[in-house]
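Note sheet for the following structure.
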Amino acid sequence: MIPALNEGETIGSVLAQIPSSLFDAIVVVDNGSTDSTAEAAAGAGAKVIREPRRGYGRACQAGLATLGSSVTAIVFMDADLSDDPADLENLIRQFENRRLDLLIGSRTLGQLELGSLTALQRFGNGLSTRLIELLWGVRFSDLGPLRVVSRDALARMRLRDPTFGWNVEMQARAAQLRLKVGEIPVRYRRRRAGRSKISGTLTGSLRAGAKILWTLARCFCVRTEAVP
């Protein structure tokens with residue numbers, strides 16, 4: 001699943017590099033784009049879902065709502081060519097072989113292209129993953145967007161965040177619920193076109209950091225007993 005907002009310049013290239021044989025369906029959620037994102041994705045063969053209410057979490061939820069009952073796991077990745085589609089085959093193989101509930105593609109353990117992660121992103125990742133470890137005893141190295149999660153695990157997590165707290169909420173809930181999680185190193189590159197919706201500005205980065213901390217605090221206050 002690929003949430004996308006104004007990624008018309010890159011989404012076609014992303015889809016062209018994804019091995020279609022790995023997936024039952026490739027879903028792009030157009031999150032209120034004002035450019036050619038939806039048209040480019042449809043032209044490249046993806047199933048396009050439209051969610052005009054902006055927010056990464058809203059886009060993910062809209063996409064999940066369209067999946068058939070036969071889908072047992074979902075891969076999430078970004079639309080800007082920062083994630084390398086060449087990592088998908090290993091991601092899925094490791095997820096299946098290790099029988100995990102959640103597998104994160106860790107950028108910090110893998111190959112980082114120069115300039116692909118800002119200093120603020122590195123700091124935010126380190127702080128957030130350290131807090132997850134302190135609160136729930138589960139260690140992550142990254143909040144990377146490339147990940148695969150079982151559908152059963154998602155149902156148990158009951159994710160609520162409508163914006164860019166979605167990923168950290170997923171990892172926090174997985175830690176709370178003592179799900180079987182793992183990480184593998186992945187490649188991460190500078191975005192090839194457009195502008196980041198989070199790290200493109202200092203204000204955006206600070207807002208994202210505050211949202212991540214707020215999300216962790218909310219997860220801590222809502223104990224795992226409330227999540228069957």
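Residue names in the structure tokens use chain letters A, B, ... in the order shown, residue numbers from 1 in each chain, and ligand numbers from 1 in the order shown.
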
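Those residues in region 15-91 of chain A carrying a DSSP assignment of helix (DSSP H, G or I), computed from the backbone, are Leu15, Ala16, Gln17, Ser20, Ser21, Leu22, Thr37, Ala38, Glu39, Ala40, Ala41, Ala42, Gly43, Tyr56, Gly57, Arg58, Ala59, Cys60, Gln61, Ala62, Gly63, Leu64, Pro85, Ala86, Asp87, Leu88, Glu89, Asn90 and Leu91 of chain A.
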
Save the residues we just selected, N, CA and C atoms, as a PDB file, in the first residue's frame?
```pdb
ATOM      1  N   LEU A  15       6.115   2.424  -9.008  1.00  0.00           N
ATOM      2  CA  LEU A  15       5.301   1.271  -9.386  1.00  0.00           C
ATOM      3  C   LEU A  15       5.993   0.403 -10.432  1.00  0.00           C
ATOM      4  N   ALA A  16       6.734   1.024 -11.331  1.00  0.00           N
ATOM      5  CA  ALA A  16       7.439   0.265 -12.363  1.00  0.00           C
ATOM      6  C   ALA A  16       8.516  -0.633 -11.770  1.00  0.00           C
ATOM      7  N   GLN A  17       9.026  -0.263 -10.592  1.00  0.00           N
ATOM      8  CA  GLN A  17      10.106  -1.033  -9.974  1.00  0.00           C
ATOM      9  C   GLN A  17       9.619  -2.090  -8.985  1.00  0.00           C
ATOM     10  N   SER A  20       5.516  -7.077  -9.339  1.00  0.00           N
ATOM     11  CA  SER A  20       4.076  -7.292  -9.159  1.00  0.00           C
ATOM     12  C   SER A  20       3.752  -8.717  -8.733  1.00  0.00           C
ATOM     13  N   SER A  21       4.638  -9.671  -9.035  1.00  0.00           N
ATOM     14  CA  SER A  21       4.384 -11.065  -8.672  1.00  0.00           C
ATOM     15  C   SER A  21       4.380 -11.279  -7.162  1.00  0.00           C
ATOM     16  N   LEU A  22       4.905 -10.320  -6.410  1.00  0.00           N
ATOM     17  CA  LEU A  22       4.955 -10.459  -4.953  1.00  0.00           C
ATOM     18  C   LEU A  22       3.618 -10.178  -4.283  1.00  0.00           C
ATOM     19  N   THR A  37      -0.983  12.603  -9.532  1.00  0.00           N
ATOM     20  CA  THR A  37      -0.667  11.378  -8.806  1.00  0.00           C
ATOM     21  C   THR A  37      -1.624  10.239  -9.140  1.00  0.00           C
ATOM     22  N   ALA A  38      -2.919  10.486  -9.040  1.00  0.00           N
ATOM     23  CA  ALA A  38      -3.905   9.420  -9.262  1.00  0.00           C
ATOM     24  C   ALA A  38      -3.829   8.894 -10.687  1.00  0.00           C
ATOM     25  N   GLU A  39      -3.722   9.784 -11.650  1.00  0.00           N
ATOM     26  CA  GLU A  39      -3.686   9.372 -13.056  1.00  0.00           C
ATOM     27  C   GLU A  39      -2.420   8.566 -13.355  1.00  0.00           C
ATOM     28  N   ALA A  40      -1.288   9.016 -12.808  1.00  0.00           N
ATOM     29  CA  ALA A  40      -0.027   8.309 -13.043  1.00  0.00           C
ATOM     30  C   ALA A  40      -0.061   6.923 -12.408  1.00  0.00           C
ATOM     31  N   ALA A  41      -0.634   6.823 -11.221  1.00  0.00           N
ATOM     32  CA  ALA A  41      -0.711   5.525 -10.547  1.00  0.00           C
ATOM     33  C   ALA A  41      -1.626   4.570 -11.297  1.00  0.00           C
ATOM     34  N   ALA A  42      -2.770   5.056 -11.730  1.00  0.00           N
ATOM     35  CA  ALA A  42      -3.693   4.209 -12.490  1.00  0.00           C
ATOM     36  C   ALA A  42      -3.060   3.781 -13.806  1.00  0.00           C
ATOM     37  N   GLY A  43      -2.359   4.686 -14.460  1.00  0.00           N
ATOM     38  CA  GLY A  43      -1.700   4.361 -15.718  1.00  0.00           C
ATOM     39  C   GLY A  43      -0.618   3.314 -15.571  1.00  0.00           C
ATOM     40  N   TYR A  56      -1.678  10.993   6.704  1.00  0.00           N
ATOM     41  CA  TYR A  56      -1.097   9.696   6.371  1.00  0.00           C
ATOM     42  C   TYR A  56      -1.925   8.546   6.954  1.00  0.00           C
ATOM     43  N   GLY A  57      -2.313   8.673   8.210  1.00  0.00           N
ATOM     44  CA  GLY A  57      -3.112   7.624   8.836  1.00  0.00           C
ATOM     45  C   GLY A  57      -4.463   7.456   8.174  1.00  0.00           C
ATOM     46  N   ARG A  58      -5.111   8.563   7.804  1.00  0.00           N
ATOM     47  CA  ARG A  58      -6.394   8.475   7.103  1.00  0.00           C
ATOM     48  C   ARG A  58      -6.233   7.745   5.772  1.00  0.00           C
ATOM     49  N   ALA A  59      -5.146   8.055   5.064  1.00  0.00           N
ATOM     50  CA  ALA A  59      -4.908   7.399   3.782  1.00  0.00           C
ATOM     51  C   ALA A  59      -4.725   5.893   3.978  1.00  0.00           C
ATOM     52  N   CYS A  60      -3.966   5.506   4.981  1.00  0.00           N
ATOM     53  CA  CYS A  60      -3.761   4.085   5.247  1.00  0.00           C
ATOM     54  C   CYS A  60      -5.071   3.389   5.600  1.00  0.00           C
ATOM     55  N   GLN A  61      -5.861   4.008   6.441  1.00  0.00           N
ATOM     56  CA  GLN A  61      -7.138   3.412   6.825  1.00  0.00           C
ATOM     57  C   GLN A  61      -8.072   3.270   5.632  1.00  0.00           C
ATOM     58  N   ALA A  62      -8.080   4.274   4.755  1.00  0.00           N
ATOM     59  CA  ALA A  62      -8.928   4.201   3.564  1.00  0.00           C
ATOM     60  C   ALA A  62      -8.514   3.052   2.667  1.00  0.00           C
ATOM     61  N   GLY A  63      -7.219   2.858   2.510  1.00  0.00           N
ATOM     62  CA  GLY A  63      -6.747   1.745   1.706  1.00  0.00           C
ATOM     63  C   GLY A  63      -7.077   0.404   2.327  1.00  0.00           C
ATOM     64  N   LEU A  64      -6.893   0.299   3.631  1.00  0.00           N
ATOM     65  CA  LEU A  64      -7.171  -0.966   4.323  1.00  0.00           C
ATOM     66  C   LEU A  64      -8.640  -1.360   4.196  1.00  0.00           C
ATOM     67  N   PRO A  85      12.384  -0.230  -3.961  1.00  0.00           N
ATOM     68  CA  PRO A  85      11.545  -1.405  -4.210  1.00  0.00           C
ATOM     69  C   PRO A  85      12.333  -2.712  -4.296  1.00  0.00           C
ATOM     70  N   ALA A  86      13.633  -2.626  -4.534  1.00  0.00           N
ATOM     71  CA  ALA A  86      14.453  -3.834  -4.585  1.00  0.00           C
ATOM     72  C   ALA A  86      14.513  -4.537  -3.230  1.00  0.00           C
ATOM     73  N   ASP A  87      14.170  -3.840  -2.146  1.00  0.00           N
ATOM     74  CA  ASP A  87      14.183  -4.443  -0.815  1.00  0.00           C
ATOM     75  C   ASP A  87      12.911  -5.226  -0.504  1.00  0.00           C
ATOM     76  N   LEU A  88      11.890  -5.108  -1.348  1.00  0.00           N
ATOM     77  CA  LEU A  88      10.591  -5.696  -1.022  1.00  0.00           C
ATOM     78  C   LEU A  88      10.632  -7.219  -0.937  1.00  0.00           C
ATOM     79  N   GLU A  89      11.334  -7.852  -1.858  1.00  0.00           N
ATOM     80  CA  GLU A  89      11.352  -9.320  -1.870  1.00  0.00           C
ATOM     81  C   GLU A  89      11.941  -9.869  -0.577  1.00  0.00           C
ATOM     82  N   ASN A  90      13.054  -9.303  -0.129  1.00  0.00           N
ATOM     83  CA  ASN A  90      13.662  -9.767   1.116  1.00  0.00           C
ATOM     84  C   ASN A  90      12.782  -9.438   2.315  1.00  0.00           C
ATOM     85  N   LEU A  91      12.139  -8.275   2.290  1.00  0.00           N
ATOM     86  CA  LEU A  91      11.241  -7.882   3.377  1.00  0.00           C
ATOM     87  C   LEU A  91      10.149  -8.929   3.560  1.00  0.00           C
TER      88      LEU A  91
END
```

Could you build a table of the residues in region 82-140 of chain A lying no more than 9 Å from region 173-189 of chain A, giving for each the nearest pair of atoms and their separation in Å rounded to one decimal place, using only C-alpha atoms, ordered by chain and ascending residue number, as CSV?
```
residue,atom,partner,partner_atom,distance
A:Ser82,CA,A:Arg189,CA,4.5
A:Asp83,CA,A:Tyr188,CA,5.4
A:Asp84,CA,A:Arg187,CA,6.1
A:Ala86,CA,A:Arg187,CA,8.8
A:Asp87,CA,A:Val186,CA,6.3
A:Asn90,CA,A:Ile184,CA,8.8
A:Leu91,CA,A:Ile184,CA,7.4
A:Gln94,CA,A:Ile184,CA,8.2
A:Phe95,CA,A:Gly182,CA,8.2
A:Arg98,CA,A:Gly182,CA,8.7
A:Arg99,CA,A:Lys180,CA,7.9
A:Leu100,CA,A:Lys180,CA,5.2
A:Asp101,CA,A:Lys180,CA,5.2
A:Leu102,CA,A:Val181,CA,4.8
A:Leu103,CA,A:Gly182,CA,4.8
A:Ile104,CA,A:Glu183,CA,4.7
A:Gly105,CA,A:Ile184,CA,5.3
A:Ser106,CA,A:Pro185,CA,4.9
A:Arg107,CA,A:Val186,CA,5.5
A:Thr108,CA,A:Pro185,CA,7.4
A:Leu109,CA,A:Pro185,CA,4.8
A:Gly110,CA,A:Pro185,CA,4.1
A:Gln111,CA,A:Arg187,CA,4.6
A:Leu112,CA,A:Tyr188,CA,5.0
A:Glu113,CA,A:Arg189,CA,4.9
A:Leu114,CA,A:Arg189,CA,7.7
A:Gly115,CA,A:Arg189,CA,8.0
A:Ser116,CA,A:Arg189,CA,5.2
A:Leu117,CA,A:Arg189,CA,8.4
A:Ile132,CA,A:Ala175,CA,7.5
A:Glu133,CA,A:Ala175,CA,8.5
A:Leu135,CA,A:Gln176,CA,8.8
A:Trp136,CA,A:Ala175,CA,6.0
A:Gly137,CA,A:Ala175,CA,7.5
A:Val138,CA,A:Ala175,CA,5.8
A:Arg139,CA,A:Ala175,CA,8.7
A:Phe140,CA,A:Glu183,CA,7.5
```

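For Ser128 (chain A), the list of residues within 9 Å, based on only C-alpha atoms and with local chain neighbours fewer than 3 positions off taken out, reads Phe123, Gly124, Asn125, Leu131, Ile132, Glu133, Asp142, Leu143, Val168, Gly209, Ile212, Leu213 and Leu216 of chain A.
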
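In terms of minimum interatomic distance to Gly55 (chain A), A:Asp30 ranks closest within A:Asp30, A:Asp35, A:Asp152, A:Glu9, counting only C-alpha atoms.
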
* To do: Please provide the set of residues having any atom within 7 Å of Ile2 (chain A), restricted to only C-alpha atoms, with same-chain residues fewer than 6 positions apart removed, written as a ChimeraX atom specification.
  => /A:27-29,76-79

Take the residues just selected and output them with C-alpha atoms as an mmCIF file, in the first residue's frame.
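For reference, out_20.cif as written:
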```
data_model
loop_
_atom_site.group_PDB
_atom_site.id
_atom_site.type_symbol
_atom_site.label_atom_id
_atom_site.label_comp_id
_atom_site.auth_asym_id
_atom_site.auth_seq_id
_atom_site.Cartn_x
_atom_site.Cartn_y
_atom_site.Cartn_z
ATOM 1 C CA VAL A 27 -2.936 -0.063 -3.857
ATOM 2 C CA VAL A 28 -2.128 3.638 -4.122
ATOM 3 C CA VAL A 29 -4.181 5.930 -1.892
ATOM 4 C CA PHE A 76 3.477 -0.079 3.410
ATOM 5 C CA MET A 77 5.961 2.085 1.528
ATOM 6 C CA ASP A 78 6.401 5.711 0.472
ATOM 7 C CA ALA A 79 5.734 7.133 -2.974
#
```

* Structure fact -> Pairwise distance, CA of Ser70 (chain A) with CA of Arg151 (chain A), equals 10.0 Å

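Using only C-alpha atoms, the smallest distance between any of A:Arg156, A:Arg50, A:Arg192, A:Arg122 and Ser13 (chain A) comes from A:Arg192.
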
* **DSSP strand (DSSP E) residues within region 135-225 of chain A, as a list in words** => Arg147, Val148, Val149, Ser150, Val181, Gly182, Glu183, Ile184 and Pro185 of chain A

Expected file contents, prior selection, N, CA and C atoms, as a CSV table (one decimal), in the first residue's frame:
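Listing of result_6.csv after writing:
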```csv
chain,number,residue,atom,x,y,z
A,147,ARG,N,7.5,-1.2,5.6
A,147,ARG,CA,7.2,-2.2,6.7
A,147,ARG,C,6.1,-3.2,6.2
A,148,VAL,N,6.1,-4.3,6.8
A,148,VAL,CA,5.0,-5.3,6.5
A,148,VAL,C,4.4,-5.7,7.8
A,149,VAL,N,3.1,-5.8,7.9
A,149,VAL,CA,2.4,-6.2,9.1
A,149,VAL,C,1.2,-7.1,8.7
A,150,SER,N,1.0,-8.1,9.6
A,150,SER,CA,-0.1,-9.0,9.4
A,150,SER,C,-1.5,-8.3,9.6
A,181,VAL,N,7.9,-9.0,16.6
A,181,VAL,CA,8.4,-7.9,15.7
A,181,VAL,C,9.9,-8.2,15.3
A,182,GLY,N,10.3,-7.5,14.3
A,182,GLY,CA,11.7,-7.6,13.8
A,182,GLY,C,12.0,-6.4,12.9
A,183,GLU,N,13.3,-6.4,12.6
A,183,GLU,CA,13.8,-5.4,11.7
A,183,GLU,C,14.8,-6.0,10.7
A,184,ILE,N,14.9,-5.4,9.5
A,184,ILE,CA,16.0,-5.8,8.6
A,184,ILE,C,16.5,-4.5,8.0
A,185,PRO,N,17.8,-4.5,7.7
A,185,PRO,CA,18.4,-3.3,7.0
A,185,PRO,C,17.8,-3.1,5.6
```

* To do: Measuring atom to atom with only C-alpha atoms, identify which of A:Asn31, A:Gln121, A:Thr163, A:Ser69 is nearest to Thr215 (chain A).
  => A:Thr163

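Residue nearest Pro162 (chain A), chosen from A:Asn97, A:Ile11, A:Ala210, A:Arg53 and counting only C-alpha atoms: A:Arg53.
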
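Proximity ranking of A:Cys219, A:Ala155, A:Ala44, A:Pro145 relative to Ala65 (chain A) places A:Ala155 first, based on only C-alpha atoms.
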